[in-house]
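Below you'll find the structure, written out as structure tokens, and then a few comments.
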Protein chains: 2
Amino acid sequence: MMKKLSIALLLVMSGALGFAQTSQPAVTEDFKPSVLNQPGKEYPQVNSQGYARFRIEAPYAQSVTVSLGLGGRGGTKLVRMADSIWMGTTEGPMDEGFHYYHLTVDGGVFNDPGTLNFYGSTRWESGIEIPAHDQDFYALKNVPHGFVQQILFPSASTNTSRRAFVYTPPDYGKDNSKRYPVLYLQHGWGEDETAWSVQGHANLIMDNLIAEGKIKPFIIVMTYGMTNEIKFGSGLRNFDIKPFQTVLVDELIPYIDAHFNTLADQAHRAMAGLSMGGMETKMITLNRPEVFSHFALLSGGMYAPEDIKDQSKVKLIFLSCGSKEGPDRIKKAATALKDAGFNAVSYISENTAHEFLTWRRSLYQLAPLLFLE
Amino acid sequence: MMKKLSIALLLVMSGALGFAQTSQPAVTEDFKPSVLNQPGKEYPQVNSQGYARFRIEAPYAQSVTVSLGLGGRGGTKLVRMADSIWMGTTEGPMDEGFHYYHLTVDGGVFNDPGTLNFYGSTRWESGIEIPAHDQDFYALKNVPHGFVQQILFPSASTNTSRRAFVYTPPDYGKDNSKRYPVLYLQHGWGEDETAWSVQGHANLIMDNLIAEGKIKPFIIVMTYGMTNEIKFGSGLRNFDIKPFQTVLVDELIPYIDAHFNTLADQAHRAMAGLSMGGMETKMITLNRPEVFSHFALLSGGMYAPEDIKDQSKVKLIFLSCGSKEGPDRIKKAATALKDAGFNAVSYISENTAHEFLTWRRSLYQLAPLLFLE
């Protein structure tokens, strides 16, 4: 089963290019700095069509390319302008949402000094944001905001203190007799525990949903899901879930239940993950059915009805992916689960691939379905 | 007075080189990866003497230099090795502790892809850590850990939600009738609200002091102190404290007192800052004497007795700097304050300059002196 999972996941991951596959329109000259730029930095820029434009100072360089863009694996090759500044624009519009990228300067891999850095592909990468038409649901608004807390929890199995981030809703702590359900939410391969609250805006998605009265508030816990090093490709076949399962189930969950106002039972505990985090979610929820009642795989595979031994303990199975990721498998899996009597929901993010806008939207769709009883 | 402060601060800042000023010993070949490297990265490395060694892949580059090192403003010039990898070692040992740096590759400024990034000099910079002989006081230990919470607080004066980080001690929230004093702790020029908990390890310093029973637990609040853009040098002369004072005193403090278990009075509120944050601390504590009772300037100037109108309201004045920053001024100022009847303390960090080890040590010295009544 583990092998089957790995191959399915790799198929999903390899399908992601992240470009809008339309014919390429004439470029509109309304470029603005990306919202993810470092303070005061004018570049990179994005236009209203989703083109990205880069500007790199390296006057004595022989070549500067950007890993993002059309043109196959080469990305966008920048051109040295008269003032020795390197510039270039993607050959077509990018998908809406967040994209990782980096520069190659004279054969060396560096980040764009114009942007903030985001952990992905097991390195801190540059990031750019193509404003999405539906970005309102994760916008920073003047509503009550929950907190994102960095905690350091003791882990005997790895002999260290490990880091997690805990989102608590805006009303948390006002009434200490109030207890909350908890969603354990995992990042993807090469990312870490910062991904969901930074690239994913999980806290803002929650703040906005709560402000609009669309969900019952719950806690989200995000920790690092790679206890052993995983190489891209072959490594996932040999992935051993046990070390992370021990950290999550036997160390982190008891710590959270001891330090936060949680509803500390299976009925009020969910696990979700994107990509590799979905693979982990599937393995752990099946290995430890007494721990979680709500399962969600975001671009991270599927459950089959026969995977689940005790159907009565599963309250929700949520499966999602981007429309560019081969969504039929997800829809069919949800149908098969429903036919077998599960409360299963599928969600397809339109015009996105294996990228964070798919997962922001998936969380937005998932949250109102959690902990309804 | 504002002008005098600015000039004093600039003198302090310009004096910082960050190198151990000893004769340079033979290099010991016991280099190890810096603890601030990205996961799995072997370089940069540091040896037991404090030398730093860099290794950069950029096979087609014409020149690669590192801004860190001896040799004047040029830093450390790397040399292309036979395998086209650029390597180089600082000409002498660095000061113990944390240092910002960046690369210049063919005239362009980039970060070292081997290290984590840290916000300083108004950009995300590379960072390296030279292990300090006294690093135990900020080490991650198996003790109860407080949380570092990211909060988003409404700011009408700047028409946005602003970010702050709040350290709460390990026992916070266990007994909700327990109330804590609060230290408002400011970063330096070009840094932001992440500096004290990342570069400064403020949370670990507190966790360790609390575990050893050396301090009474208190809350620390860290927010962004640059509401208007400040250019290095000339800009500080024209620095207007009012916008940040409004954010801190009229917006953040009421929010903290409404959302955390604080002792919400002047007697239980301290303000401290490093470098430019010290300048801000001095201005705000003098402008608003009803708000804070404990003041601390870390490499950030001095108070004179005549600056303070109502001596009875001031419980502590703490002044510190590195031994390489001209410490006599600090000692004299503390003596003058003591002679005038103030509870004033000075602390000089041995063999450090205008850099984070000075400020980690300063916080470690300051914390046991706060809120003693």
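Simple scheme: letters A, B, ... for chains in structure tokens order, numbers from 1 for residues in each chain, numbers from 1 for ligands in the order shown.
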
Could you give me chain A least-squares fitted onto chain B (all C-alpha atoms, paired in order), as a tab-separated table (two decimals) with C-alpha atoms, in the first residue's frame?
chain	number	residue	atom	x	y	z
A	1	MET	CA	17.61	66.93	22.27
A	2	MET	CA	16.53	64.80	19.35
A	3	LYS	CA	19.53	65.93	17.31
A	4	LYS	CA	21.94	65.20	20.15
A	5	LEU	CA	20.50	61.73	20.48
A	6	SER	CA	20.81	60.96	16.81
A	7	ILE	CA	24.45	61.93	16.63
A	8	ALA	CA	25.33	59.93	19.73
A	9	LEU	CA	23.59	56.91	18.27
A	10	LEU	CA	25.36	57.21	14.95
A	11	LEU	CA	28.71	57.38	16.73
A	12	VAL	CA	27.85	54.18	18.54
A	13	MET	CA	26.71	52.46	15.36
A	14	SER	CA	29.67	53.52	13.24
A	15	GLY	CA	32.11	52.10	15.78
A	16	ALA	CA	31.00	48.54	15.20
A	17	LEU	CA	33.24	46.31	13.13
A	18	GLY	CA	32.60	42.98	14.75
A	19	PHE	CA	36.06	41.47	14.57
A	20	ALA	CA	38.21	40.16	17.34
A	21	GLN	CA	41.10	42.57	17.41
A	22	THR	CA	43.79	40.12	18.40
A	23	SER	CA	46.84	39.13	16.39
A	24	GLN	CA	45.71	36.47	14.00
A	25	PRO	CA	46.56	32.90	15.00
A	26	ALA	CA	47.23	30.04	12.60
A	27	VAL	CA	43.97	28.62	11.33
A	28	THR	CA	42.87	25.40	13.07
A	29	GLU	CA	41.28	22.97	10.62
A	30	ASP	CA	38.27	22.02	12.74
A	31	PHE	CA	35.57	23.81	10.73
A	32	LYS	CA	31.95	22.77	11.28
A	33	PRO	CA	28.73	23.93	9.58
A	34	SER	CA	27.29	27.06	11.19
A	35	VAL	CA	24.24	26.32	13.34
A	36	LEU	CA	22.29	28.86	11.25
A	37	ASN	CA	22.70	26.91	8.01
A	38	GLN	CA	19.67	25.74	6.06
A	39	PRO	CA	18.89	22.03	6.63
A	40	GLY	CA	21.58	19.79	5.18
A	41	LYS	CA	23.90	22.61	4.07
A	42	GLU	CA	27.60	22.09	4.82
A	43	TYR	CA	28.67	25.73	4.30
A	44	PRO	CA	29.34	28.30	5.66
A	45	GLN	CA	31.50	26.78	8.38
A	46	VAL	CA	33.07	28.10	11.57
A	47	ASN	CA	36.13	26.84	13.41
A	48	SER	CA	36.96	26.77	17.11
A	49	GLN	CA	38.86	30.05	16.82
A	50	GLY	CA	35.98	31.96	15.23
A	51	TYR	CA	37.16	31.95	11.63
A	52	ALA	CA	34.38	31.66	9.06
A	53	ARG	CA	34.77	29.77	5.79
A	54	PHE	CA	32.49	30.17	2.79
A	55	ARG	CA	31.82	27.96	-0.24
A	56	ILE	CA	29.69	29.27	-3.10
A	57	GLU	CA	28.72	27.50	-6.32
A	58	ALA	CA	28.70	29.96	-9.22
A	59	PRO	CA	30.94	28.32	-11.81
A	60	TYR	CA	30.73	31.06	-14.45
A	61	ALA	CA	31.05	34.05	-12.12
A	62	GLN	CA	33.92	36.54	-12.43
A	63	SER	CA	34.08	37.46	-8.74
A	64	VAL	CA	32.41	36.44	-5.49
A	65	THR	CA	32.98	38.34	-2.25
A	66	VAL	CA	31.48	38.01	1.23
A	67	SER	CA	30.67	41.22	3.10
A	68	LEU	CA	31.88	39.62	6.33
A	69	GLY	CA	35.54	39.43	7.31
A	70	LEU	CA	38.64	41.48	7.82
A	71	GLY	CA	40.32	43.41	5.07
A	72	GLY	CA	38.42	46.65	5.45
A	73	ARG	CA	35.28	47.30	3.52
A	74	GLY	CA	35.99	44.63	0.96
A	75	GLY	CA	35.13	41.77	3.29
A	76	THR	CA	36.38	38.33	2.25
A	77	LYS	CA	37.19	37.81	-1.41
A	78	LEU	CA	36.54	34.22	-2.43
A	79	VAL	CA	38.83	32.33	-4.80
A	80	ARG	CA	37.72	30.03	-7.59
A	81	MET	CA	38.97	26.51	-6.90
A	82	ALA	CA	39.85	23.86	-9.48
A	83	ASP	CA	36.26	22.52	-9.44
A	84	SER	CA	34.88	26.01	-10.18
A	85	ILE	CA	33.61	26.36	-6.61
A	86	TRP	CA	34.37	29.66	-4.90
A	87	MET	CA	35.90	29.39	-1.44
A	88	GLY	CA	37.43	31.67	1.15
A	89	THR	CA	38.12	32.05	4.86
A	90	THR	CA	38.02	35.26	6.89
A	91	GLU	CA	41.48	36.73	7.49
A	92	GLY	CA	40.96	36.56	11.23
A	93	PRO	CA	38.57	35.31	13.90
A	94	MET	CA	35.17	36.97	14.14
A	95	ASP	CA	33.58	38.18	17.38
A	96	GLU	CA	31.53	35.48	19.08
A	97	GLY	CA	27.82	35.55	18.33
A	98	PHE	CA	25.59	36.45	15.41
A	99	HIS	CA	26.64	38.32	12.27
A	100	TYR	CA	24.66	39.48	9.25
A	101	TYR	CA	26.32	39.25	5.83
A	102	HIS	CA	25.68	38.92	2.12
A	103	LEU	CA	27.47	38.00	-1.07
A	104	THR	CA	28.43	40.14	-4.02
A	105	VAL	CA	28.38	38.00	-7.17
A	106	ASP	CA	29.52	39.79	-10.30
A	107	GLY	CA	28.44	43.09	-8.83
A	108	GLY	CA	25.01	41.92	-7.63
A	109	VAL	CA	24.04	41.54	-3.97
A	110	PHE	CA	22.68	38.09	-3.09
A	111	ASN	CA	22.36	35.92	-0.02
A	112	ASP	CA	24.42	32.84	0.68
A	113	PRO	CA	22.12	29.94	-0.30
A	114	GLY	CA	23.66	27.94	2.57
A	115	THR	CA	22.21	29.97	5.41
A	116	LEU	CA	18.92	31.01	6.90
A	117	ASN	CA	17.84	34.61	6.34
A	118	PHE	CA	17.52	37.31	8.96
A	119	TYR	CA	16.02	40.75	8.61
A	120	GLY	CA	18.68	43.43	9.08
A	121	SER	CA	19.85	46.52	7.14
A	122	THR	CA	16.28	46.72	5.79
A	123	ARG	CA	16.75	43.48	3.84
A	124	TRP	CA	16.70	39.76	4.52
A	125	GLU	CA	20.39	38.99	5.00
A	126	SER	CA	22.42	35.84	5.42
A	127	GLY	CA	23.46	35.05	8.98
A	128	ILE	CA	26.26	33.14	10.63
A	129	GLU	CA	26.80	32.25	14.28
A	130	ILE	CA	30.22	32.06	15.93
A	131	PRO	CA	29.61	29.86	19.00
A	132	ALA	CA	30.10	31.96	22.12
A	133	HIS	CA	31.86	30.60	25.19
A	134	ASP	CA	28.81	31.58	27.24
A	135	GLN	CA	26.16	30.36	24.77
A	136	ASP	CA	24.56	28.16	27.42
A	137	PHE	CA	22.31	30.99	28.63
A	138	TYR	CA	20.47	31.12	25.29
A	139	ALA	CA	20.69	27.43	24.38
A	140	LEU	CA	17.58	25.39	23.57
A	141	LYS	CA	17.30	23.13	26.63
A	142	ASN	CA	14.91	20.52	27.90
A	143	VAL	CA	13.07	22.95	30.17
A	144	PRO	CA	9.46	24.19	30.03
A	145	HIS	CA	9.15	26.57	27.09
A	146	GLY	CA	7.03	29.66	26.82
A	147	PHE	CA	5.23	30.47	23.58
A	148	VAL	CA	6.01	33.16	21.02
A	149	GLN	CA	2.71	34.33	19.60
A	150	GLN	CA	2.20	36.27	16.42
A	151	ILE	CA	-0.60	38.76	16.93
A	152	LEU	CA	-2.22	41.14	14.46
A	153	PHE	CA	-3.49	44.23	16.24
A	154	PRO	CA	-5.69	46.95	14.76
A	155	SER	CA	-3.92	50.27	14.21
A	156	ALA	CA	-6.24	53.13	13.34
A	157	SER	CA	-3.35	55.61	13.05
A	158	THR	CA	-1.69	53.59	10.26
A	159	ASN	CA	-4.94	52.20	8.92
A	160	THR	CA	-3.91	48.55	8.97
A	161	SER	CA	-3.44	45.51	11.17
A	162	ARG	CA	0.13	45.51	12.48
A	163	ARG	CA	2.13	42.51	13.61
A	164	ALA	CA	3.72	41.93	16.99
A	165	PHE	CA	5.25	38.89	18.70
A	166	VAL	CA	4.36	38.18	22.31
A	167	TYR	CA	6.43	35.92	24.53
A	168	THR	CA	4.38	34.35	27.29
A	169	PRO	CA	6.19	32.42	30.06
A	170	PRO	CA	5.75	28.63	30.44
A	171	ASP	CA	3.21	28.89	33.26
A	172	TYR	CA	1.12	31.51	31.46
A	173	GLY	CA	-2.57	30.63	31.28
A	174	LYS	CA	-2.45	27.74	33.77
A	175	ASP	CA	-3.98	30.03	36.37
A	176	ASN	CA	-5.92	32.80	34.69
A	177	SER	CA	-6.07	34.89	37.80
A	178	LYS	CA	-2.28	35.27	37.61
A	179	ARG	CA	-1.21	38.54	36.01
A	180	TYR	CA	2.21	39.37	34.55
A	181	PRO	CA	4.29	42.51	34.05
A	182	VAL	CA	5.24	43.34	30.46
A	183	LEU	CA	8.50	44.35	28.77
A	184	TYR	CA	8.14	46.15	25.42
A	185	LEU	CA	11.35	45.28	23.57
A	186	GLN	CA	12.46	47.03	20.39
A	187	HIS	CA	14.79	45.97	17.57
A	188	GLY	CA	17.42	48.15	15.88
A	189	TRP	CA	17.56	50.15	12.68
A	190	GLY	CA	16.88	48.05	9.59
A	191	GLU	CA	15.57	45.12	11.64
A	192	ASP	CA	11.97	44.23	12.42
A	193	GLU	CA	9.75	42.54	14.97
A	194	THR	CA	11.30	39.14	14.24
A	195	ALA	CA	14.79	40.15	15.43
A	196	TRP	CA	14.54	39.62	19.17
A	197	SER	CA	13.05	36.13	19.09
A	198	VAL	CA	15.16	34.91	16.13
A	199	GLN	CA	18.60	36.59	16.24
A	200	GLY	CA	18.15	37.49	19.90
A	201	HIS	CA	16.78	34.19	21.29
A	202	ALA	CA	14.77	36.29	23.75
A	203	ASN	CA	12.35	33.41	24.35
A	204	LEU	CA	15.11	30.92	25.16
A	205	ILE	CA	16.90	33.42	27.43
A	206	MET	CA	13.62	33.82	29.33
A	207	ASP	CA	12.83	30.08	29.42
A	208	ASN	CA	16.27	29.34	30.87
A	209	LEU	CA	16.19	32.16	33.43
A	210	ILE	CA	12.72	31.07	34.57
A	211	ALA	CA	13.74	27.39	34.76
A	212	GLU	CA	16.67	28.36	37.00
A	213	GLY	CA	14.44	30.48	39.22
A	214	LYS	CA	16.49	33.59	38.50
A	215	ILE	CA	13.65	35.87	37.46
A	216	LYS	CA	10.00	36.48	38.10
A	217	PRO	CA	8.22	35.56	34.85
A	218	PHE	CA	7.04	38.41	32.65
A	219	ILE	CA	5.61	38.88	29.16
A	220	ILE	CA	7.69	40.37	26.33
A	221	VAL	CA	6.06	42.24	23.43
A	222	MET	CA	8.04	42.92	20.25
A	223	THR	CA	6.69	45.00	17.39
A	224	TYR	CA	7.98	46.88	14.36
A	225	GLY	CA	9.46	50.23	15.32
A	226	MET	CA	9.77	51.83	11.92
A	227	THR	CA	6.47	53.36	10.93
A	228	ASN	CA	8.21	55.68	8.50
A	229	GLU	CA	11.16	54.83	6.32
A	230	ILE	CA	14.53	55.73	7.81
A	231	LYS	CA	17.60	55.99	5.64
A	232	PHE	CA	20.86	55.12	7.30
A	233	GLY	CA	22.81	58.17	8.44
A	234	SER	CA	21.05	61.40	7.65
A	235	GLY	CA	17.58	60.01	8.14
A	236	LEU	CA	17.86	59.45	11.86
A	237	ARG	CA	18.36	63.19	12.41
A	238	ASN	CA	14.89	63.79	11.09
A	239	PHE	CA	13.34	60.85	12.89
A	240	ASP	CA	9.89	61.65	14.18
A	241	ILE	CA	8.96	59.43	17.12
A	242	LYS	CA	5.28	60.41	17.15
A	243	PRO	CA	3.89	57.88	14.64
A	244	PHE	CA	5.52	54.91	16.37
A	245	GLN	CA	4.74	56.31	19.82
A	246	THR	CA	1.07	56.40	18.86
A	247	VAL	CA	1.16	52.80	17.59
A	248	LEU	CA	2.97	51.54	20.68
A	249	VAL	CA	1.33	53.48	23.48
A	250	ASP	CA	-2.15	54.21	22.19
A	251	GLU	CA	-2.82	51.09	20.09
A	252	LEU	CA	-0.59	48.13	21.00
A	253	ILE	CA	-0.50	48.53	24.79
A	254	PRO	CA	-4.31	48.74	25.16
A	255	TYR	CA	-4.64	45.70	22.85
A	256	ILE	CA	-2.12	43.70	24.89
A	257	ASP	CA	-3.81	44.66	28.16
A	258	ALA	CA	-7.19	43.62	26.71
A	259	HIS	CA	-6.00	40.26	25.33
A	260	PHE	CA	-3.37	39.00	27.78
A	261	ASN	CA	-3.23	38.51	31.53
A	262	THR	CA	-1.17	41.62	32.24
A	263	LEU	CA	-0.58	43.86	35.22
A	264	ALA	CA	-1.81	46.88	33.32
A	265	ASP	CA	-0.16	49.75	35.13
A	266	GLN	CA	2.97	51.89	34.89
A	267	ALA	CA	4.71	50.08	37.74
A	268	HIS	CA	4.59	46.79	35.83
A	269	ARG	CA	5.56	48.03	32.39
A	270	ALA	CA	9.12	48.27	31.02
A	271	MET	CA	10.52	49.46	27.72
A	272	ALA	CA	13.87	48.48	26.26
A	273	GLY	CA	15.47	48.74	22.86
A	274	LEU	CA	18.72	48.07	21.06
A	275	SER	CA	20.46	50.75	18.99
A	276	MET	CA	17.73	52.75	17.21
A	277	GLY	CA	15.26	50.94	19.50
A	278	GLY	CA	17.13	52.51	22.41
A	279	MET	CA	16.68	55.94	20.87
A	280	GLU	CA	12.95	55.18	20.58
A	281	THR	CA	12.85	53.90	24.15
A	282	LYS	CA	14.44	57.07	25.47
A	283	MET	CA	12.09	59.35	23.53
A	284	ILE	CA	8.90	57.47	24.39
A	285	THR	CA	9.69	56.90	28.07
A	286	LEU	CA	10.44	60.63	28.46
A	287	ASN	CA	7.45	61.78	26.39
A	288	ARG	CA	5.02	59.47	28.19
A	289	PRO	CA	6.27	59.09	31.78
A	290	GLU	CA	2.90	57.70	32.91
A	291	VAL	CA	3.35	54.53	30.81
A	292	PHE	CA	6.67	52.86	31.74
A	293	SER	CA	8.61	52.56	35.00
A	294	HIS	CA	11.66	50.54	33.87
A	295	PHE	CA	13.86	51.80	31.00
A	296	ALA	CA	16.72	50.03	29.23
A	297	LEU	CA	18.95	51.27	26.39
A	298	LEU	CA	21.11	48.53	24.82
A	299	SER	CA	23.84	50.10	22.68
A	300	GLY	CA	21.28	52.81	22.31
A	301	GLY	CA	22.39	55.91	24.16
A	302	MET	CA	22.00	57.25	27.68
A	303	TYR	CA	19.74	59.24	29.96
A	304	ALA	CA	21.02	62.24	31.88
A	305	PRO	CA	19.44	62.90	35.31
A	306	GLU	CA	17.99	66.19	34.05
A	307	ASP	CA	16.12	64.36	31.25
A	308	ILE	CA	13.69	62.94	33.79
A	309	LYS	CA	11.05	65.17	35.29
A	310	ASP	CA	9.57	62.94	37.99
A	311	GLN	CA	12.27	60.72	39.46
A	312	SER	CA	9.81	58.96	41.77
A	313	LYS	CA	8.13	57.24	38.83
A	314	VAL	CA	11.32	55.60	37.50
A	315	LYS	CA	12.14	52.24	39.07
A	316	LEU	CA	15.17	51.24	36.96
A	317	ILE	CA	17.44	52.64	34.28
A	318	PHE	CA	19.63	50.03	32.60
A	319	LEU	CA	22.36	51.09	30.16
A	320	SER	CA	24.55	48.63	28.28
A	321	CYS	CA	26.86	48.23	25.30
A	322	GLY	CA	29.70	46.08	24.01
A	323	SER	CA	33.23	46.64	25.25
A	324	LYS	CA	34.18	47.66	21.70
A	325	GLU	CA	31.56	50.40	21.55
A	326	GLY	CA	33.21	52.98	23.79
A	327	PRO	CA	31.75	51.77	27.09
A	328	ASP	CA	33.09	54.60	29.25
A	329	ARG	CA	30.21	56.88	28.25
A	330	ILE	CA	27.73	54.25	29.44
A	331	LYS	CA	29.48	53.72	32.76
A	332	LYS	CA	29.75	57.47	33.39
A	333	ALA	CA	26.10	58.00	32.56
A	334	ALA	CA	25.06	55.27	35.00
A	335	THR	CA	27.27	56.77	37.70
A	336	ALA	CA	25.75	60.20	37.15
A	337	LEU	CA	22.26	58.70	37.39
A	338	LYS	CA	23.15	56.85	40.59
A	339	ASP	CA	24.66	60.00	42.08
A	340	ALA	CA	21.37	61.73	41.34
A	341	GLY	CA	19.50	59.02	43.25
A	342	PHE	CA	18.28	56.79	40.40
A	343	ASN	CA	18.37	53.00	40.49
A	344	ALA	CA	20.76	52.85	37.53
A	345	VAL	CA	22.76	49.86	36.33
A	346	SER	CA	25.35	49.64	33.58
A	347	TYR	CA	26.50	46.46	31.87
A	348	ILE	CA	29.40	46.05	29.44
A	349	SER	CA	29.51	42.93	27.24
A	350	GLU	CA	33.13	41.81	27.00
A	351	ASN	CA	34.76	41.50	23.57
A	352	THR	CA	31.68	42.38	21.58
A	353	ALA	CA	30.69	45.33	19.42
A	354	HIS	CA	27.38	46.63	18.02
A	355	GLU	CA	26.02	43.12	17.48
A	356	PHE	CA	23.53	40.63	18.83
A	357	LEU	CA	25.70	38.87	21.40
A	358	THR	CA	25.91	42.23	23.18
A	359	TRP	CA	22.13	42.41	23.24
A	360	ARG	CA	21.46	38.76	24.17
A	361	ARG	CA	23.79	39.26	27.15
A	362	SER	CA	22.17	42.59	27.96
A	363	LEU	CA	18.72	41.00	28.10
A	364	TYR	CA	20.12	38.23	30.29
A	365	GLN	CA	21.49	40.88	32.69
A	366	LEU	CA	18.41	43.08	32.50
A	367	ALA	CA	15.68	40.48	33.08
A	368	PRO	CA	16.54	39.70	36.74
A	369	LEU	CA	16.43	43.43	37.55
A	370	LEU	CA	12.92	43.99	36.24
A	371	PHE	CA	9.74	44.20	38.30
A	372	LEU	CA	11.36	43.33	41.63
A	373	GLU	CA	8.76	44.94	43.84

Just asking: which residues within segment 185-373 of chain A are alpha helix (DSSP H) according to DSSP, as an MDAnalysis selection string? chainID A and resid 195:198 202:211 234:237 242:245 253:259 276:287 328:339 356:366

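Per DSSP on the backbone, strand (DSSP E or B) in segment 159-293 of chain A comprises Thr160, Ser161, Arg162, Arg163, Ala164, Phe165, Val166, Tyr167, Thr168, Tyr180, Val182, Leu183, Tyr184, Leu185, Gln186, Ile219, Ile220, Val221, Met222, Thr223, Thr262, Arg269, Ala270, Met271, Ala272, Gly273 and Leu274 of chain A.
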